[in-house]
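Enquirer: What follows is a single structure, and I will ask about it in a moment.
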Amino acid sequence: MKYIIILGDGMSDEPLENYGGKTPLQMANKPHIDWLAKNGQAGQFITVPDSMHPGSEVANMAVLGYDVEKVFEGRGVLEAASMGIELGPEDLGLRCNLITVEHEKIKNHSAGHISSEEASELISFLNEKLGSDNVRFYSGVSYRHLLVIKNGKKDLQCTPPHDVPGTAFLEVAVKAKSAKAEETADLLNNLILKSQKLLAEHPINIKRKQVGKESANSIWPWSPGYKPAMPTLKEMFGLEKTAVISAVDLIQGIGVYAGMKVIHVEGATGLYDTNYEGKAKAAVDALKENDLVYLHIEASDEAGHEGDVELKTKTIEYLDTRVVKYILGEIEKMGDEVAVAILPDHPTPCALRTHTRDAVPFIIYKKGIQPDRTEVYDEFDVKNGSIGLLKGDEFIRTFLNIRV
């Protein structure tokens, strides 16, 4: 038996009044995903414990069966792994966004989805001006970067910028949760203020403003942590060979710690214009050599953060016609039996433009499985499914020991 998890990041939503009380999943034309729902088994999965923030880092680790309350150490350190950056025991790693601040308020968490080329130049500039033996900036993909503070303390209250669009940045600045972390909090807040002065008149930002693009005029550090101690999927579930496909450093970093082969696809952007076909083909090729493949598609989450209902609906349709259709067709040709799961990691409601911790809908399908009463795939019809409400590692264990 081989397994593939197709994860549409942030794909689930809440009913939208201006769209007849429907969600993007309900509005999307997705015949192949709905076929899986009608012919498979469905349920709901609580991916985020009550004690934790509903971030993609927590939710994706939960999908893979990790006890996130025990092993999670922050988003930055996971992304460091994907970037090949080895953190020492004294290194505090943080995700470092390039964001847009306007009139002292956070306007955009992604600096208008700045290109990786532009962002790399800005991060190198900041490292030259603000870096030291104890402070180091590393460039990542688009707006997502890494900040490492040597001997930094992680007992901090940091706010993800995508959670607070329109909020005065000083209101959600870094705060120390203990006396020992005050020096680190002060350092990070000073870096934010200094970055704003340095970035305001950088040639890249001047050019972006001239063509009507958002200015990448501030850094925003968040999700602090140290190098995690995570068991591999082989150690947890006996899966000998596993692979992950994603455009996002975070997911790739989880894959590194999980012992998965990280597969890069040319043209994978993490946005609606990602190389869907390339990722689908890479997933099928990986299935031929691995026991489990984790295919992560980011586009729906980014559309949700933008509050763009039409775009989010379109990304779900792209997932259906450009990924799921191809994968199902190729699986039919394979000699191996393949189980398929489809789900998001968390909801990203367009009306809220941020993540919530609501249970997500999932489908599990394999040849010969006994279909349940689910007819289509959305946030509500899966409640007719036979699997019910799962939490913790129950989803991955249910998937790997599929009921027939």
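Ligands are numbered from 1 in the order shown, chains are lettered A, B, ... in the order of the structure tokens, and residues start at 1 in each chain.
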List every residue of region 164-271 of chain A that has an atom at most 7 Å from any atom of region 277-291 of chain A, and for each one report the closest atom pair and its distance in Å to one decimal, counting only C-alpha atoms, with rows sorted by chain and then by increasing residue number, as a tab-separated table.

Expert:
residue	atom	partner	partner_atom	distance
A:Leu239	CA	A:Asp291	CA	6.4
A:Glu240	CA	A:Asp291	CA	6.8
A:Lys241	CA	A:Asn290	CA	4.8
A:Thr242	CA	A:Asn290	CA	5.2
A:Ala243	CA	A:Asn290	CA	6.7
A:Val265	CA	A:Lys279	CA	6.2

Enquirer: May I have all residues of region 4-138 of chain A that DSSP, computed from the backbone, assigns to strand (DSSP E), given as a ChimeraX atom specification?

Expert: /A:4-8,41-46,91-102,105-108,135-138

Enquirer: Mind dumping the selected residues with N, CA, C and O atoms as a compact mmCIF listing (two decimals), in the first residue's frame?

Expert:
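Listed below is the output, result.txt:
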# COMPACT_ATOMS: atom_id res chain seq x y z
N ILE A 4 -0.92 8.90 -0.43
CA ILE A 4 -0.68 10.29 -0.81
C ILE A 4 -1.67 11.19 -0.08
O ILE A 4 -2.88 10.93 -0.10
N ILE A 5 -1.15 12.20 0.58
CA ILE A 5 -1.97 13.23 1.22
C ILE A 5 -1.89 14.48 0.36
O ILE A 5 -0.81 15.01 0.12
N ILE A 6 -3.04 14.93 -0.13
CA ILE A 6 -3.11 16.16 -0.92
C ILE A 6 -3.71 17.23 -0.02
O ILE A 6 -4.89 17.16 0.35
N LEU A 7 -2.88 18.19 0.35
CA LEU A 7 -3.31 19.19 1.33
C LEU A 7 -3.47 20.55 0.68
O LEU A 7 -2.51 21.14 0.19
N GLY A 8 -4.72 21.05 0.65
CA GLY A 8 -5.01 22.38 0.16
C GLY A 8 -5.00 23.35 1.33
O GLY A 8 -5.99 23.48 2.06
N GLN A 41 -14.57 7.69 2.25
CA GLN A 41 -15.09 7.92 3.59
C GLN A 41 -14.62 9.29 4.07
O GLN A 41 -13.52 9.73 3.72
N ALA A 42 -15.43 9.94 4.89
CA ALA A 42 -15.14 11.32 5.26
C ALA A 42 -15.30 11.53 6.76
O ALA A 42 -15.87 10.71 7.48
N GLY A 43 -14.79 12.68 7.19
CA GLY A 43 -14.91 13.06 8.59
C GLY A 43 -14.36 14.46 8.80
O GLY A 43 -14.11 15.20 7.85
N GLN A 44 -14.18 14.80 10.05
CA GLN A 44 -13.61 16.08 10.43
C GLN A 44 -12.41 15.85 11.34
O GLN A 44 -12.34 14.85 12.06
N PHE A 45 -11.48 16.79 11.31
CA PHE A 45 -10.23 16.62 12.03
C PHE A 45 -9.87 17.94 12.72
O PHE A 45 -9.76 18.98 12.07
N ILE A 46 -9.70 17.88 14.03
CA ILE A 46 -9.22 19.04 14.79
C ILE A 46 -7.70 19.03 14.74
O ILE A 46 -7.05 18.18 15.36
N ASP A 91 20.97 29.13 19.63
CA ASP A 91 20.38 29.99 18.61
C ASP A 91 18.86 30.03 18.70
O ASP A 91 18.20 28.98 18.72
N LEU A 92 18.31 31.23 18.75
CA LEU A 92 16.87 31.43 18.69
C LEU A 92 16.51 31.77 17.25
O LEU A 92 17.00 32.75 16.69
N GLY A 93 15.65 30.96 16.64
CA GLY A 93 15.24 31.20 15.27
C GLY A 93 13.83 31.77 15.22
O GLY A 93 12.95 31.33 15.96
N LEU A 94 13.62 32.76 14.36
CA LEU A 94 12.30 33.36 14.19
C LEU A 94 11.99 33.52 12.71
O LEU A 94 12.87 33.82 11.91
N ARG A 95 10.72 33.30 12.34
CA ARG A 95 10.27 33.70 11.01
C ARG A 95 10.39 35.22 10.95
O ARG A 95 10.06 35.93 11.90
N CYS A 96 10.86 35.72 9.84
CA CYS A 96 11.03 37.16 9.65
C CYS A 96 10.35 37.56 8.34
O CYS A 96 10.90 37.35 7.27
N ASN A 97 9.14 38.10 8.45
CA ASN A 97 8.42 38.56 7.25
C ASN A 97 8.93 39.92 6.79
O ASN A 97 9.34 40.75 7.61
N LEU A 98 8.87 40.14 5.49
CA LEU A 98 8.91 41.50 4.96
C LEU A 98 7.46 41.92 4.79
O LEU A 98 6.69 41.23 4.10
N ILE A 99 7.06 43.03 5.43
CA ILE A 99 5.66 43.44 5.42
C ILE A 99 5.54 44.88 4.94
O ILE A 99 6.53 45.59 4.78
N THR A 100 4.30 45.30 4.74
CA THR A 100 4.00 46.68 4.39
C THR A 100 3.35 47.36 5.58
O THR A 100 2.33 46.88 6.10
N VAL A 101 3.95 48.47 6.02
CA VAL A 101 3.38 49.31 7.07
C VAL A 101 2.99 50.64 6.44
O VAL A 101 3.79 51.26 5.74
N GLU A 102 1.75 51.05 6.68
CA GLU A 102 1.27 52.32 6.13
C GLU A 102 0.51 53.07 7.21
O GLU A 102 -0.36 52.50 7.87
N LYS A 105 0.34 51.43 10.54
CA LYS A 105 -0.47 50.21 10.67
C LYS A 105 0.04 49.13 9.72
O LYS A 105 0.56 49.43 8.64
N ILE A 106 -0.13 47.87 10.12
CA ILE A 106 0.23 46.75 9.26
C ILE A 106 -0.80 46.66 8.14
O ILE A 106 -1.97 46.38 8.38
N LYS A 107 -0.36 46.92 6.93
CA LYS A 107 -1.27 46.88 5.79
C LYS A 107 -1.27 45.53 5.10
O LYS A 107 -2.32 45.04 4.67
N ASN A 108 -0.10 44.90 5.01
CA ASN A 108 0.03 43.68 4.20
C ASN A 108 1.12 42.81 4.81
O ASN A 108 2.23 43.27 5.05
N VAL A 135 23.30 38.66 15.63
CA VAL A 135 22.09 38.86 14.82
C VAL A 135 22.41 38.51 13.38
O VAL A 135 23.36 39.03 12.79
N ARG A 136 21.57 37.64 12.80
CA ARG A 136 21.82 37.23 11.42
C ARG A 136 20.51 37.06 10.68
O ARG A 136 19.57 36.43 11.17
N PHE A 137 20.43 37.67 9.48
CA PHE A 137 19.27 37.52 8.61
C PHE A 137 19.61 36.55 7.48
O PHE A 137 20.69 36.61 6.90
N TYR A 138 18.64 35.68 7.15
CA TYR A 138 18.80 34.74 6.04
C TYR A 138 17.60 34.88 5.11
O TYR A 138 16.45 34.88 5.56

Enquirer: Report as a PyMOL selection string all protein, DNA and RNA residues lying within 9 Å of Ser195 (chain A), evaluated on only C-alpha atoms, omitting residues in the same chain fewer than 5 positions from it.

Expert: chain A and resi 126+130+190+200+217-219

Enquirer: Can you write out the residues you just picked, keeping N, CA, C and O atoms, as a PDB file, in the first residue's frame?

Expert:
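Final output, result-v7.pdb:
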ATOM      1  N   LEU A 126      19.757  44.353   4.809  1.00  0.00           N
ATOM      2  CA  LEU A 126      19.506  44.435   6.247  1.00  0.00           C
ATOM      3  C   LEU A 126      20.580  43.695   7.043  1.00  0.00           C
ATOM      4  O   LEU A 126      20.992  44.149   8.122  1.00  0.00           O
ATOM      5  N   LEU A 130      22.346  45.652   9.808  1.00  0.00           N
ATOM      6  CA  LEU A 130      21.887  45.330  11.156  1.00  0.00           C
ATOM      7  C   LEU A 130      22.468  44.042  11.720  1.00  0.00           C
ATOM      8  O   LEU A 130      22.335  43.773  12.918  1.00  0.00           O
ATOM      9  N   ASN A 190      13.711  46.948  18.408  1.00  0.00           N
ATOM     10  CA  ASN A 190      14.662  47.905  17.838  1.00  0.00           C
ATOM     11  C   ASN A 190      14.999  47.552  16.398  1.00  0.00           C
ATOM     12  O   ASN A 190      15.147  48.438  15.541  1.00  0.00           O
ATOM     13  N   ALA A 200      12.814  52.250   3.956  1.00  0.00           N
ATOM     14  CA  ALA A 200      11.915  53.263   3.393  1.00  0.00           C
ATOM     15  C   ALA A 200      12.396  53.822   2.064  1.00  0.00           C
ATOM     16  O   ALA A 200      11.609  54.003   1.126  1.00  0.00           O
ATOM     17  N   ASN A 217       8.538  47.652   3.570  1.00  0.00           N
ATOM     18  CA  ASN A 217       9.188  48.698   4.361  1.00  0.00           C
ATOM     19  C   ASN A 217       9.355  48.373   5.831  1.00  0.00           C
ATOM     20  O   ASN A 217       9.623  49.258   6.644  1.00  0.00           O
ATOM     21  N   SER A 218       9.221  47.090   6.196  1.00  0.00           N
ATOM     22  CA  SER A 218       9.463  46.697   7.589  1.00  0.00           C
ATOM     23  C   SER A 218       9.691  45.197   7.660  1.00  0.00           C
ATOM     24  O   SER A 218       9.149  44.432   6.864  1.00  0.00           O
ATOM     25  N   ILE A 219      10.482  44.795   8.641  1.00  0.00           N
ATOM     26  CA  ILE A 219      10.540  43.379   8.983  1.00  0.00           C
ATOM     27  C   ILE A 219       9.503  43.114  10.062  1.00  0.00           C
ATOM     28  O   ILE A 219       9.031  44.033  10.732  1.00  0.00           O
TER      29      ILE A 219
END

Enquirer: From a DSSP pass on the backbone, collect the residues of region 225-299 of chain A flagged as alpha helix (DSSP H) and hand them back as a VMD selection string.

Expert: chain A and resid 233 to 237 249 to 257 276 to 287 299

Enquirer: What are the nearest atom pairs, with distances in Å to one decimal, for all residues of region 5-119 of chain A that come at most 12 Å from region 318-323 of chain A, using only C-alpha atoms, set out by chain and rising residue number as a tab-separated table?

Expert:
residue	atom	partner	partner_atom	distance
A:Ile6	CA	A:Val323	CA	9.0
A:Leu7	CA	A:Leu319	CA	9.7
A:Gly8	CA	A:Leu319	CA	7.7
A:Asp9	CA	A:Leu319	CA	10.9
A:Met11	CA	A:Leu319	CA	10.2
A:Leu25	CA	A:Asp320	CA	11.0
A:Ala28	CA	A:Asp320	CA	9.3
A:Asn29	CA	A:Asp320	CA	8.2
A:Lys30	CA	A:Asp320	CA	5.3
A:Pro31	CA	A:Asp320	CA	7.2
A:His32	CA	A:Asp320	CA	6.0
A:Ile33	CA	A:Asp320	CA	6.1
A:Asp34	CA	A:Asp320	CA	9.1
A:Trp35	CA	A:Asp320	CA	10.5
A:Leu36	CA	A:Asp320	CA	10.8

Enquirer: Just want the 10 Å neighbourhood of region 20-23 of chain A, counted on only C-alpha atoms, with same-chain residues fewer than 5 positions away dropped. Output as a PyMOL selection string.

Expert: chain A and resi 11-15+28+309+312-313+349-350+378-380

Enquirer: With N, CA, C and O atoms retained, write the just-selected residues as a PDB file, in the first residue's frame.

Expert:
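Below is the file that was written, again.pdb:
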ATOM      1  N   MET A  11      -7.938  25.713   2.850  1.00  0.00           N
ATOM      2  CA  MET A  11      -8.993  25.552   1.854  1.00  0.00           C
ATOM      3  C   MET A  11     -10.403  25.710   2.432  1.00  0.00           C
ATOM      4  O   MET A  11     -11.307  26.202   1.758  1.00  0.00           O
ATOM      5  N   SER A  12     -10.624  25.290   3.674  1.00  0.00           N
ATOM      6  CA  SER A  12     -11.968  25.395   4.245  1.00  0.00           C
ATOM      7  C   SER A  12     -12.235  26.821   4.716  1.00  0.00           C
ATOM      8  O   SER A  12     -11.324  27.627   4.906  1.00  0.00           O
ATOM      9  N   ASP A  13     -13.516  27.133   4.915  1.00  0.00           N
ATOM     10  CA  ASP A  13     -13.922  28.523   5.133  1.00  0.00           C
ATOM     11  C   ASP A  13     -15.201  28.529   5.966  1.00  0.00           C
ATOM     12  O   ASP A  13     -15.595  27.512   6.533  1.00  0.00           O
ATOM     13  N   GLU A  14     -15.846  29.692   6.011  1.00  0.00           N
ATOM     14  CA  GLU A  14     -17.118  29.861   6.688  1.00  0.00           C
ATOM     15  C   GLU A  14     -18.154  30.374   5.686  1.00  0.00           C
ATOM     16  O   GLU A  14     -17.778  30.976   4.679  1.00  0.00           O
ATOM     17  N   PRO A  15     -19.453  30.141   5.940  1.00  0.00           N
ATOM     18  CA  PRO A  15     -20.480  30.631   5.017  1.00  0.00           C
ATOM     19  C   PRO A  15     -20.369  32.141   4.806  1.00  0.00           C
ATOM     20  O   PRO A  15     -20.180  32.905   5.756  1.00  0.00           O
ATOM     21  N   ALA A  28     -17.162  25.998  -5.511  1.00  0.00           N
ATOM     22  CA  ALA A  28     -16.208  25.536  -6.521  1.00  0.00           C
ATOM     23  C   ALA A  28     -16.746  24.351  -7.314  1.00  0.00           C
ATOM     24  O   ALA A  28     -17.401  23.459  -6.768  1.00  0.00           O
ATOM     25  N   VAL A 309     -12.575  36.027  -2.339  1.00  0.00           N
ATOM     26  CA  VAL A 309     -13.437  34.851  -2.416  1.00  0.00           C
ATOM     27  C   VAL A 309     -13.370  34.196  -3.790  1.00  0.00           C
ATOM     28  O   VAL A 309     -13.265  32.964  -3.904  1.00  0.00           O
ATOM     29  N   LYS A 312     -10.061  32.424  -4.206  1.00  0.00           N
ATOM     30  CA  LYS A 312      -9.986  31.205  -3.401  1.00  0.00           C
ATOM     31  C   LYS A 312     -10.793  30.083  -4.048  1.00  0.00           C
ATOM     32  O   LYS A 312     -10.341  28.931  -4.108  1.00  0.00           O
ATOM     33  N   THR A 313     -11.962  30.424  -4.534  1.00  0.00           N
ATOM     34  CA  THR A 313     -12.780  29.423  -5.233  1.00  0.00           C
ATOM     35  C   THR A 313     -12.045  28.882  -6.455  1.00  0.00           C
ATOM     36  O   THR A 313     -12.044  27.673  -6.716  1.00  0.00           O
ATOM     37  N   PRO A 349     -10.740  31.653   6.669  1.00  0.00           N
ATOM     38  CA  PRO A 349     -11.951  32.308   6.170  1.00  0.00           C
ATOM     39  C   PRO A 349     -11.659  33.649   5.509  1.00  0.00           C
ATOM     40  O   PRO A 349     -10.930  34.482   6.057  1.00  0.00           O
ATOM     41  N   CYS A 350     -12.247  33.847   4.330  1.00  0.00           N
ATOM     42  CA  CYS A 350     -12.026  35.094   3.588  1.00  0.00           C
ATOM     43  C   CYS A 350     -12.523  36.307   4.356  1.00  0.00           C
ATOM     44  O   CYS A 350     -11.941  37.395   4.260  1.00  0.00           O
ATOM     45  N   ASP A 378     -17.258  19.248   1.271  1.00  0.00           N
ATOM     46  CA  ASP A 378     -17.276  20.604   1.815  1.00  0.00           C
ATOM     47  C   ASP A 378     -17.297  20.517   3.337  1.00  0.00           C
ATOM     48  O   ASP A 378     -17.231  19.417   3.910  1.00  0.00           O
ATOM     49  N   GLU A 379     -17.395  21.659   3.973  1.00  0.00           N
ATOM     50  CA  GLU A 379     -17.291  21.724   5.437  1.00  0.00           C
ATOM     51  C   GLU A 379     -18.473  21.076   6.148  1.00  0.00           C
ATOM     52  O   GLU A 379     -18.372  20.746   7.345  1.00  0.00           O
ATOM     53  N   PHE A 380     -19.575  20.851   5.434  1.00  0.00           N
ATOM     54  CA  PHE A 380     -20.805  20.404   6.081  1.00  0.00           C
ATOM     55  C   PHE A 380     -21.203  18.984   5.704  1.00  0.00           C
ATOM     56  O   PHE A 380     -21.621  18.203   6.568  1.00  0.00           O
TER      57      PHE A 380
END

Enquirer: Using only C-alpha atoms, which protein or nucleic acid residues come within 12 Å of Lys180 (chain A)? Drop anything in the same chain fewer than 2 positions from it, and give the result as a count of residues only.

Expert: 15

Enquirer: For the atom pair CA of Asn384 (chain A) and CA of Leu16 (chain A), what is the interatomic distance in Å to one decimal place?

Expert: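 A separation of 21.8 Å between them.
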
Enquirer: Quick check, in Å to one decimal: how far apart do CA of Pro203 (chain A) and CA of Lys129 (chain A) lie?

Expert: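 CA of Lys129 (chain A) lies at a distance of 15.3 Å from CA of Pro203 (chain A).
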
Enquirer: Kindly provide the residues of region 211-272 of chain A that approach region 67-83 of chain A to within 9 Å, each paired with its closest atom pair and their distance in Å to one decimal, based on only C-alpha atoms, listed by chain and increasing number, as JSON lines.

Expert:
{"residue": "A:Trp222", "atom": "CA", "partner": "A:Gly76", "partner_atom": "CA", "distance": 7.9}
{"residue": "A:Ser223", "atom": "CA", "partner": "A:Gly74", "partner_atom": "CA", "distance": 4.9}
{"residue": "A:Pro224", "atom": "CA", "partner": "A:Gly74", "partner_atom": "CA", "distance": 5.2}
{"residue": "A:Gly225", "atom": "CA", "partner": "A:Gly74", "partner_atom": "CA", "distance": 4.6}
{"residue": "A:Tyr226", "atom": "CA", "partner": "A:Glu73", "partner_atom": "CA", "distance": 5.8}
{"residue": "A:Lys227", "atom": "CA", "partner": "A:Val77", "partner_atom": "CA", "distance": 5.9}
{"residue": "A:Pro228", "atom": "CA", "partner": "A:Glu73", "partner_atom": "CA", "distance": 5.6}
{"residue": "A:Ala229", "atom": "CA", "partner": "A:Val71", "partner_atom": "CA", "distance": 6.4}
{"residue": "A:Met230", "atom": "CA", "partner": "A:Val71", "partner_atom": "CA", "distance": 6.1}
{"residue": "A:Pro231", "atom": "CA", "partner": "A:Val71", "partner_atom": "CA", "distance": 9.0}
{"residue": "A:Val248", "atom": "CA", "partner": "A:Glu79", "partner_atom": "CA", "distance": 8.5}
{"residue": "A:Asp249", "atom": "CA", "partner": "A:Glu79", "partner_atom": "CA", "distance": 5.0}
{"residue": "A:Leu250", "atom": "CA", "partner": "A:Glu79", "partner_atom": "CA", "distance": 4.6}
{"residue": "A:Ile251", "atom": "CA", "partner": "A:Glu79", "partner_atom": "CA", "distance": 7.7}
{"residue": "A:Gln252", "atom": "CA", "partner": "A:Ser82", "partner_atom": "CA", "distance": 5.3}
{"residue": "A:Gly253", "atom": "CA", "partner": "A:Ser82", "partner_atom": "CA", "distance": 4.1}
{"residue": "A:Ile254", "atom": "CA", "partner": "A:Leu78", "partner_atom": "CA", "distance": 5.8}
{"residue": "A:Gly255", "atom": "CA", "partner": "A:Ser82", "partner_atom": "CA", "distance": 8.1}
{"residue": "A:Val256", "atom": "CA", "partner": "A:Ala81", "partner_atom": "CA", "distance": 6.4}
{"residue": "A:Tyr257", "atom": "CA", "partner": "A:Ala81", "partner_atom": "CA", "distance": 7.5}
{"residue": "A:Val262", "atom": "CA", "partner": "A:Ser82", "partner_atom": "CA", "distance": 8.4}

Enquirer: Any chance you could export the current selection's N, CA and C atoms as a JSON list (two decimals), in the first residue's frame?

Expert:
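Generated output (again.json):
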[["chain", "number", "residue", "atom", "x", "y", "z"],
["A", 222, "TRP", "N", 8.52, 36.75, 14.23],
["A", 222, "TRP", "CA", 7.51, 36.06, 15.02],
["A", 222, "TRP", "C", 7.81, 34.56, 15.06],
["A", 223, "SER", "N", 7.07, 33.83, 15.87],
["A", 223, "SER", "CA", 7.20, 32.37, 16.05],
["A", 223, "SER", "C", 8.62, 31.97, 16.45],
["A", 224, "PRO", "N", 9.07, 32.39, 17.64],
["A", 224, "PRO", "CA", 10.43, 32.07, 18.10],
["A", 224, "PRO", "C", 10.54, 30.65, 18.62],
["A", 225, "GLY", "N", 11.74, 30.07, 18.48],
["A", 225, "GLY", "CA", 11.96, 28.74, 19.03],
["A", 225, "GLY", "C", 13.38, 28.27, 18.82],
["A", 226, "TYR", "N", 13.69, 27.13, 19.42],
["A", 226, "TYR", "CA", 15.00, 26.50, 19.29],
["A", 226, "TYR", "C", 14.88, 25.25, 18.42],
["A", 227, "LYS", "N", 16.00, 24.66, 18.10],
["A", 227, "LYS", "CA", 16.01, 23.47, 17.26],
["A", 227, "LYS", "C", 15.17, 22.37, 17.90],
["A", 228, "PRO", "N", 14.15, 21.83, 17.19],
["A", 228, "PRO", "CA", 13.26, 20.85, 17.80],
["A", 228, "PRO", "C", 13.83, 19.43, 17.80],
["A", 229, "ALA", "N", 13.29, 18.62, 18.69],
["A", 229, "ALA", "CA", 13.63, 17.19, 18.72],
["A", 229, "ALA", "C", 12.41, 16.43, 18.24],
["A", 230, "MET", "N", 12.35, 16.17, 16.93],
["A", 230, "MET", "CA", 11.19, 15.52, 16.31],
["A", 230, "MET", "C", 11.57, 14.13, 15.82],
["A", 231, "PRO", "N", 10.78, 13.10, 16.18],
["A", 231, "PRO", "CA", 11.02, 11.78, 15.60],
["A", 231, "PRO", "C", 10.66, 11.79, 14.12],
["A", 248, "VAL", "N", 6.67, 25.99, -0.01],
["A", 248, "VAL", "CA", 6.81, 26.77, 1.22],
["A", 248, "VAL", "C", 7.93, 26.20, 2.09],
["A", 249, "ASP", "N", 8.84, 27.08, 2.51],
["A", 249, "ASP", "CA", 9.96, 26.66, 3.36],
["A", 249, "ASP", "C", 9.50, 25.93, 4.61],
["A", 250, "LEU", "N", 8.42, 26.41, 5.22],
["A", 250, "LEU", "CA", 7.92, 25.81, 6.45],
["A", 250, "LEU", "C", 7.62, 24.33, 6.26],
["A", 251, "ILE", "N", 6.89, 23.99, 5.21],
["A", 251, "ILE", "CA", 6.51, 22.59, 4.98],
["A", 251, "ILE", "C", 7.73, 21.76, 4.62],
["A", 252, "GLN", "N", 8.62, 22.32, 3.85],
["A", 252, "GLN", "CA", 9.86, 21.62, 3.53],
["A", 252, "GLN", "C", 10.66, 21.35, 4.80],
["A", 253, "GLY", "N", 10.69, 22.33, 5.72],
["A", 253, "GLY", "CA", 11.42, 22.15, 6.97],
["A", 253, "GLY", "C", 10.83, 21.06, 7.84],
["A", 254, "ILE", "N", 9.50, 21.00, 7.91],
["A", 254, "ILE", "CA", 8.85, 19.90, 8.62],
["A", 254, "ILE", "C", 9.28, 18.58, 8.01],
["A", 255, "GLY", "N", 9.34, 18.56, 6.67],
["A", 255, "GLY", "CA", 9.76, 17.35, 5.97],
["A", 255, "GLY", "C", 11.17, 16.93, 6.33],
["A", 256, "VAL", "N", 12.07, 17.90, 6.46],
["A", 256, "VAL", "CA", 13.47, 17.58, 6.83],
["A", 256, "VAL", "C", 13.50, 16.88, 8.17],
["A", 257, "TYR", "N", 12.83, 17.46, 9.17],
["A", 257, "TYR", "CA", 12.84, 16.85, 10.51],
["A", 257, "TYR", "C", 12.07, 15.53, 10.53],
["A", 262, "VAL", "N", 12.77, 15.97, 0.35],
["A", 262, "VAL", "CA", 12.16, 17.23, -0.09],
["A", 262, "VAL", "C", 12.32, 17.36, -1.60]]

Enquirer: Considering only C-alpha atoms, can you say which of A:Gln157, A:Ser300, A:Thr374, A:Asn189 comes closest to Pro24 (chain A)?

Expert: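 Looking at the shortest contact to Pro24 (chain A), the residue is A:Ser300.
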
Enquirer: With only C-alpha atoms as the basis for distance, which of A:Pro361, A:Gly131, A:Pro347, A:Gly304 is at the shortest distance from Val148 (chain A)?

Expert: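 Closest candidate: A:Gly131.
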
Enquirer: Restricting the calculation to only C-alpha atoms: of A:Gly40, A:Gly166, A:Thr356, A:Gly10, which residue gets closest to Pro371 (chain A)?

Expert: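 Among the listed residues, the smallest separation from Pro371 (chain A) belongs to A:Gly40.
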
Enquirer: Given only C-alpha atoms as the basis, pick out the residue of A:Leu400, A:Met1, A:Val174, A:Ile316 nearest to Ile364 (chain A).

Expert: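 Ranked by minimum distance to Ile364 (chain A), first place goes to A:Leu400.
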
Enquirer: Which residue out of A:Phe237, A:Tyr326, A:Tyr272, A:Phe125 has the minimum interatomic distance to Leu292 (chain A) when only C-alpha atoms are used?

Expert: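 The shortest atom-to-atom distance to Leu292 (chain A) comes from A:Phe237.
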
Enquirer: Please report the interatomic distance between CA of Ala303 (chain A) and CA of Leu328 (chain A) in Å with one decimal.

Expert: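 So the two atoms, CA of Ala303 (chain A) and CA of Leu328 (chain A), lie 25.5 Å apart.
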
Enquirer: List as a Markdown table every residue of region 132-214 of chain A that is in contact with region 52-61 of chain A, defined as an atom at most 12 Å from one of its atoms (using only C-alpha atoms), together with the nearest atom pair and the distance in Å rounded to one decimal, sorted by chain and then rising number.

Expert:
| residue | atom | partner | partner_atom | distance |
| --- | --- | --- | --- | --- |
| A:Gln157 | CA | A:His53 | CA | 11.6 |
| A:Cys158 | CA | A:His53 | CA | 11.1 |
| A:Thr159 | CA | A:His53 | CA | 10.1 |
| A:Pro160 | CA | A:Gly55 | CA | 8.9 |
| A:Pro161 | CA | A:Gly55 | CA | 11.7 |
| A:His162 | CA | A:Gly55 | CA | 10.3 |
| A:Asp163 | CA | A:Gly55 | CA | 10.0 |

Enquirer: Would you mind exporting N, CA and C atoms of the selected residues as a compact mmCIF listing (two decimals), in the first residue's frame?

Expert:
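Writing the result to result_19.txt gives the following:
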# COMPACT_ATOMS: atom_id res chain seq x y z
N GLN A 157 5.98 37.10 23.43
CA GLN A 157 4.68 37.17 22.78
C GLN A 157 4.87 37.86 21.44
N CYS A 158 4.77 37.08 20.38
CA CYS A 158 4.95 37.60 19.02
C CYS A 158 3.65 37.37 18.25
N THR A 159 3.23 38.36 17.49
CA THR A 159 1.97 38.28 16.76
C THR A 159 2.22 38.04 15.27
N PRO A 160 1.67 36.97 14.70
CA PRO A 160 1.80 36.78 13.25
C PRO A 160 1.17 37.96 12.51
N PRO A 161 1.87 38.53 11.53
CA PRO A 161 1.33 39.72 10.87
C PRO A 161 0.07 39.48 10.07
N HIS A 162 -0.11 38.22 9.58
CA HIS A 162 -1.33 37.94 8.82
C HIS A 162 -2.56 37.88 9.70
N ASP A 163 -2.37 37.87 11.04
CA ASP A 163 -3.50 37.86 11.95
C ASP A 163 -4.04 39.26 12.25

Enquirer: Compare A:His202, A:Lys333, A:His346, A:Arg144 by their minimum atom-to-atom distance to Ala247 (chain A), counting only C-alpha atoms, and give me the closest one.

Expert: A:Arg144
